[in-house]
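Since the structure comes first, as structure tokens, the remarks are kept for the end.
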Amino acid sequence: MHRRILAPGALAAASLMLAIPASAASYSPGAPGIGDPYYPAYGNGGYDVSHYDLRLKYQPATDELEGTATILARTTQDLSRFDLDFLLDVSEVRVNGVRAEFATSGRHELEITPRTPLAKGTAVTVVVRYSGVPSTKSAYGFSTWHRTPDGAVAADEPEAAWWWYPSNDHPLDKATYDVSVAVPNGTQAISNGTLQSTSSQAGWTRYNWRQNRPQATYLTTLAVGKFDVTTSTSEGGVPVVNAYSVDLGDNDGAARASVERTGELVDWLSGWFGPYPFASAGGYVPNTTTGYALETQTRVYYSPRQFANGSNASVVVHELAHQWYGDSVSLKGWKDIWINEGFARYAQWLWSEHEGEGTTRELAAYVYASHPADDPFWTVAPGDPGPDDQFDIAVYDRGALAVQALREAVGDDAFFAILKGWPQEHAYGNASVADFRAYAERISGKPLDTLFDTWLFQPGKPASTGATGGRATLGATAGPVRQPKSWKTIEATNSVHAAEHGH
Ligand SMILES: [Zn+2]
């Protein structure tokens with residue numbers, strides 16, 4: 001037998017190993033998805049982002065985007081590696097100032113391996129330098145980067161970020177943003193929040209936008225093009241910034257006649273939902289060929305086609321309602337889409353009633369009556385529609401019907417207390433359909449499991465009476481149900497989130 005003699009070097013190595021926390025074995029890669037069963041690869045595990053600083057330069061003529069993203073995050077596990085979601089070409093990654101290894105994997109994963117593993121609960125700064133032509137990139141066979149004759153737009157749901165900044169791309173991980181974009185002089189860059197400053201140098205103008213409240217990645221928007229920007233302040237004191245492509249053609253008047261009412265409608269919605277949650281409001285209408293609108297936080301995206309039939313305050317109401325229902329209070333998982341769309345649609349019903357174009361009850365009765373029991377409409381469960389039906393019309397119309405059913409079950413006093421209290425209860429956070437039910441039960445003092453199950457989860461047409469607790473209710477009107485005046489306008493916003501990239 002040999003006596004083991006430890007060389008000094010081996011001793012040093014042993015003590016170095018001891019310097020690594022005893023849980024060294026627990027250092028492992030963060031998951032490539034945040035855990036959403038609808039979109040298993042969306043978002044990532046192992047960290048939580050608090051702030052994105054995006055410093056970009058975009059050339060409309062060639063669609064070339066280059067920039068640096070600085071991401072402030074905190075680890076939620078011992079990490080040997082972690083992912084960001086991204087499609088552009090990365091030239092360098094640094095973690096806490098030190099150059100890190102990186103590789104791509106999956107459909108949109110950027111795998112980052114820091115030189116030193118990251119302990120759970122520590123602050124991390126990640127710098128990603130990148131460039132690329134976003135319109136040449138696709139994932140799952142689609143792109144949500146929309147080029148326009150004078151620029152481009154990033155605004156889509158549930159994915160838009162991959163084409164312009166690296167992120168933890170899921171609404172569960174919200175963060176504040178500074179978006180700074182340099183564009184050729186004479187071109188504007190529009191983003192969320194407030195315009196802090198602009199500066200010009202050597203033919204380029206830089207726009208510095210700030211979102212100082214938590215914002216989901218898909219609600220972060222960028223538009224570059226030639227815009228006419230208007231500013232105002234609502235009667236209730238909310239600063240409003242709107243932007244219109246100078247190339248809207250015949251839709252220009254109707255677009256302005258709609259979106260310029262943003263301040264008025266924010267104030268009106270505040271009466272139902274409580275104080276407006278953000279430091280600014282507004283919308284923009286780029287010269288895209290898309291058809292939908294999207295509730296991008298504080299700066300709503302409107303396709304020009306939304307205004308092809310004249311002004312449309314209803315779609316503005318829908319997207320502004322999302323600022324409370326969807327943006328300030330974000331869903332926990334994409335299955336919870338009803339807490340966004342059911343209420344944005346219901347806000348349109350409230351507006352219809354306000355305008356004398358049909359009451360919420362008449363609209364509910366019309367939805368109920370116009371879909372016979374064998375209509376596939378009733379097979380979609382708004383409370384968990386599945387990824388293929390996430391933006392099905394039933395999520396909106398049956399979803400709003402469920403809101404009306406709740407109202408009739410708990411009475412107006414409790415209902416409007418719930419409607420206003422919910423955005424405060426979960427302000428700037430995340431919540432689920434189950435959280436909403438629990439909240440509504442607490443405020444109303446009534447058990448609501450049967451009501452929620454019937455209207456949101458059962459794959460069939462609910463009975464017109466009894467389903468809300470014995471009261472004669474939805475659809476229980478005598479004679480034929482007339483189509484409310486507002487119906488066609490509300491239906492026309494149904495392309496609101498139509499997944500035009502087709503998945
Ligand atoms: Zn919506």
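Going by the structure tokens order, chains are called A, B, ..., each with residues numbered from 1, while ligands are numbered from 1 in the order shown.
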**Request:** Run DSSP on the backbone of this structure and report the residues of stretch 193-372 of chain A it assigns to strand (DSSP E), as number ranges by chain.
**Result:** A: 194-201, 204-215, 222-225, 227-233, 239-245, 283-285, 293-294, 300-302, 330-331
**Message:** Excluding stretch 280-289 of chain A and its own-chain neighbours fewer than 2 positions away, which residues fall within 8 Å of it when counting only C-alpha atoms? Please give them as a PyMOL selection string.
**Reply:** chain A and resi 146-149+153+193-194+223+225+227+238-245+247-248+255+259+262-263+266+278+291+298-305
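Using only C-alpha atoms and all ligand atoms, we find that the residues with an atom at most 8 Å from any atom of ligand 1 are A:Ala293, A:Leu294, A:Glu295, A:His318, A:Glu319, A:His322, A:Asn340, A:Glu341, A:Ala344, A:Arg345, A:Tyr396, A:Val496, A:His497.
Remark: for A:Gln306, the closest of the candidate residues A:Tyr368, A:Ser197, A:Asp156, A:Tyr292 is A:Tyr292 (distances computed over only C-alpha atoms).
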**Asked** Contacts of stretch 442-457 of chain A at 9 Å or less, counting only C-alpha atoms, minus same-chain residues fewer than 3 places along, as a PyMOL selection string?
**Response** chain A and resi 338+380-385+395+398-399+401-403+405-406+409-411+413-415+417-418+421+437-439+460-463+467-469
For the selection you just gave me, I'd like the residues written to a file as a PDB file, in the first residue's frame, keeping C-alpha atoms.
ATOM      1  CA  TRP A 338     -60.428  35.437 -20.467  1.00  0.00           C
ATOM      2  CA  VAL A 380     -64.808  26.630 -26.802  1.00  0.00           C
ATOM      3  CA  ALA A 381     -64.266  27.124 -23.077  1.00  0.00           C
ATOM      4  CA  PRO A 382     -63.197  30.760 -22.548  1.00  0.00           C
ATOM      5  CA  GLY A 383     -61.755  29.816 -19.152  1.00  0.00           C
ATOM      6  CA  ASP A 384     -59.196  27.472 -20.758  1.00  0.00           C
ATOM      7  CA  PRO A 385     -59.676  27.531 -24.535  1.00  0.00           C
ATOM      8  CA  VAL A 395     -63.240  33.852 -25.848  1.00  0.00           C
ATOM      9  CA  ARG A 398     -68.960  33.962 -24.672  1.00  0.00           C
ATOM     10  CA  GLY A 399     -66.354  35.546 -22.413  1.00  0.00           C
ATOM     11  CA  LEU A 401     -71.531  36.751 -21.757  1.00  0.00           C
ATOM     12  CA  ALA A 402     -69.912  35.144 -18.708  1.00  0.00           C
ATOM     13  CA  VAL A 403     -69.181  38.606 -17.314  1.00  0.00           C
ATOM     14  CA  ALA A 405     -73.862  36.239 -16.079  1.00  0.00           C
ATOM     15  CA  LEU A 406     -71.625  37.141 -13.137  1.00  0.00           C
ATOM     16  CA  ALA A 409     -75.696  36.566 -10.235  1.00  0.00           C
ATOM     17  CA  VAL A 410     -74.075  38.966  -7.771  1.00  0.00           C
ATOM     18  CA  GLY A 411     -76.060  42.139  -8.482  1.00  0.00           C
ATOM     19  CA  ASP A 413     -73.362  46.770  -6.470  1.00  0.00           C
ATOM     20  CA  ALA A 414     -71.065  43.785  -5.996  1.00  0.00           C
ATOM     21  CA  PHE A 415     -70.373  43.490  -9.722  1.00  0.00           C
ATOM     22  CA  ALA A 417     -67.141  46.773  -6.922  1.00  0.00           C
ATOM     23  CA  ILE A 418     -65.443  43.718  -8.416  1.00  0.00           C
ATOM     24  CA  GLY A 421     -61.464  46.475  -7.312  1.00  0.00           C
ATOM     25  CA  ARG A 437     -63.228  33.711  -9.173  1.00  0.00           C
ATOM     26  CA  ALA A 438     -61.817  33.774  -5.651  1.00  0.00           C
ATOM     27  CA  TYR A 439     -61.850  37.584  -5.686  1.00  0.00           C
ATOM     28  CA  GLY A 460     -71.949  23.306 -24.225  1.00  0.00           C
ATOM     29  CA  LYS A 461     -74.603  25.993 -24.318  1.00  0.00           C
ATOM     30  CA  PRO A 462     -75.677  26.864 -20.761  1.00  0.00           C
ATOM     31  CA  ALA A 463     -79.370  26.737 -19.912  1.00  0.00           C
ATOM     32  CA  ALA A 467     -77.391  28.851 -14.404  1.00  0.00           C
ATOM     33  CA  THR A 468     -76.777  31.977 -12.383  1.00  0.00           C
ATOM     34  CA  GLY A 469     -78.413  30.718  -9.272  1.00  0.00           C
TER      35      GLY A 469
END
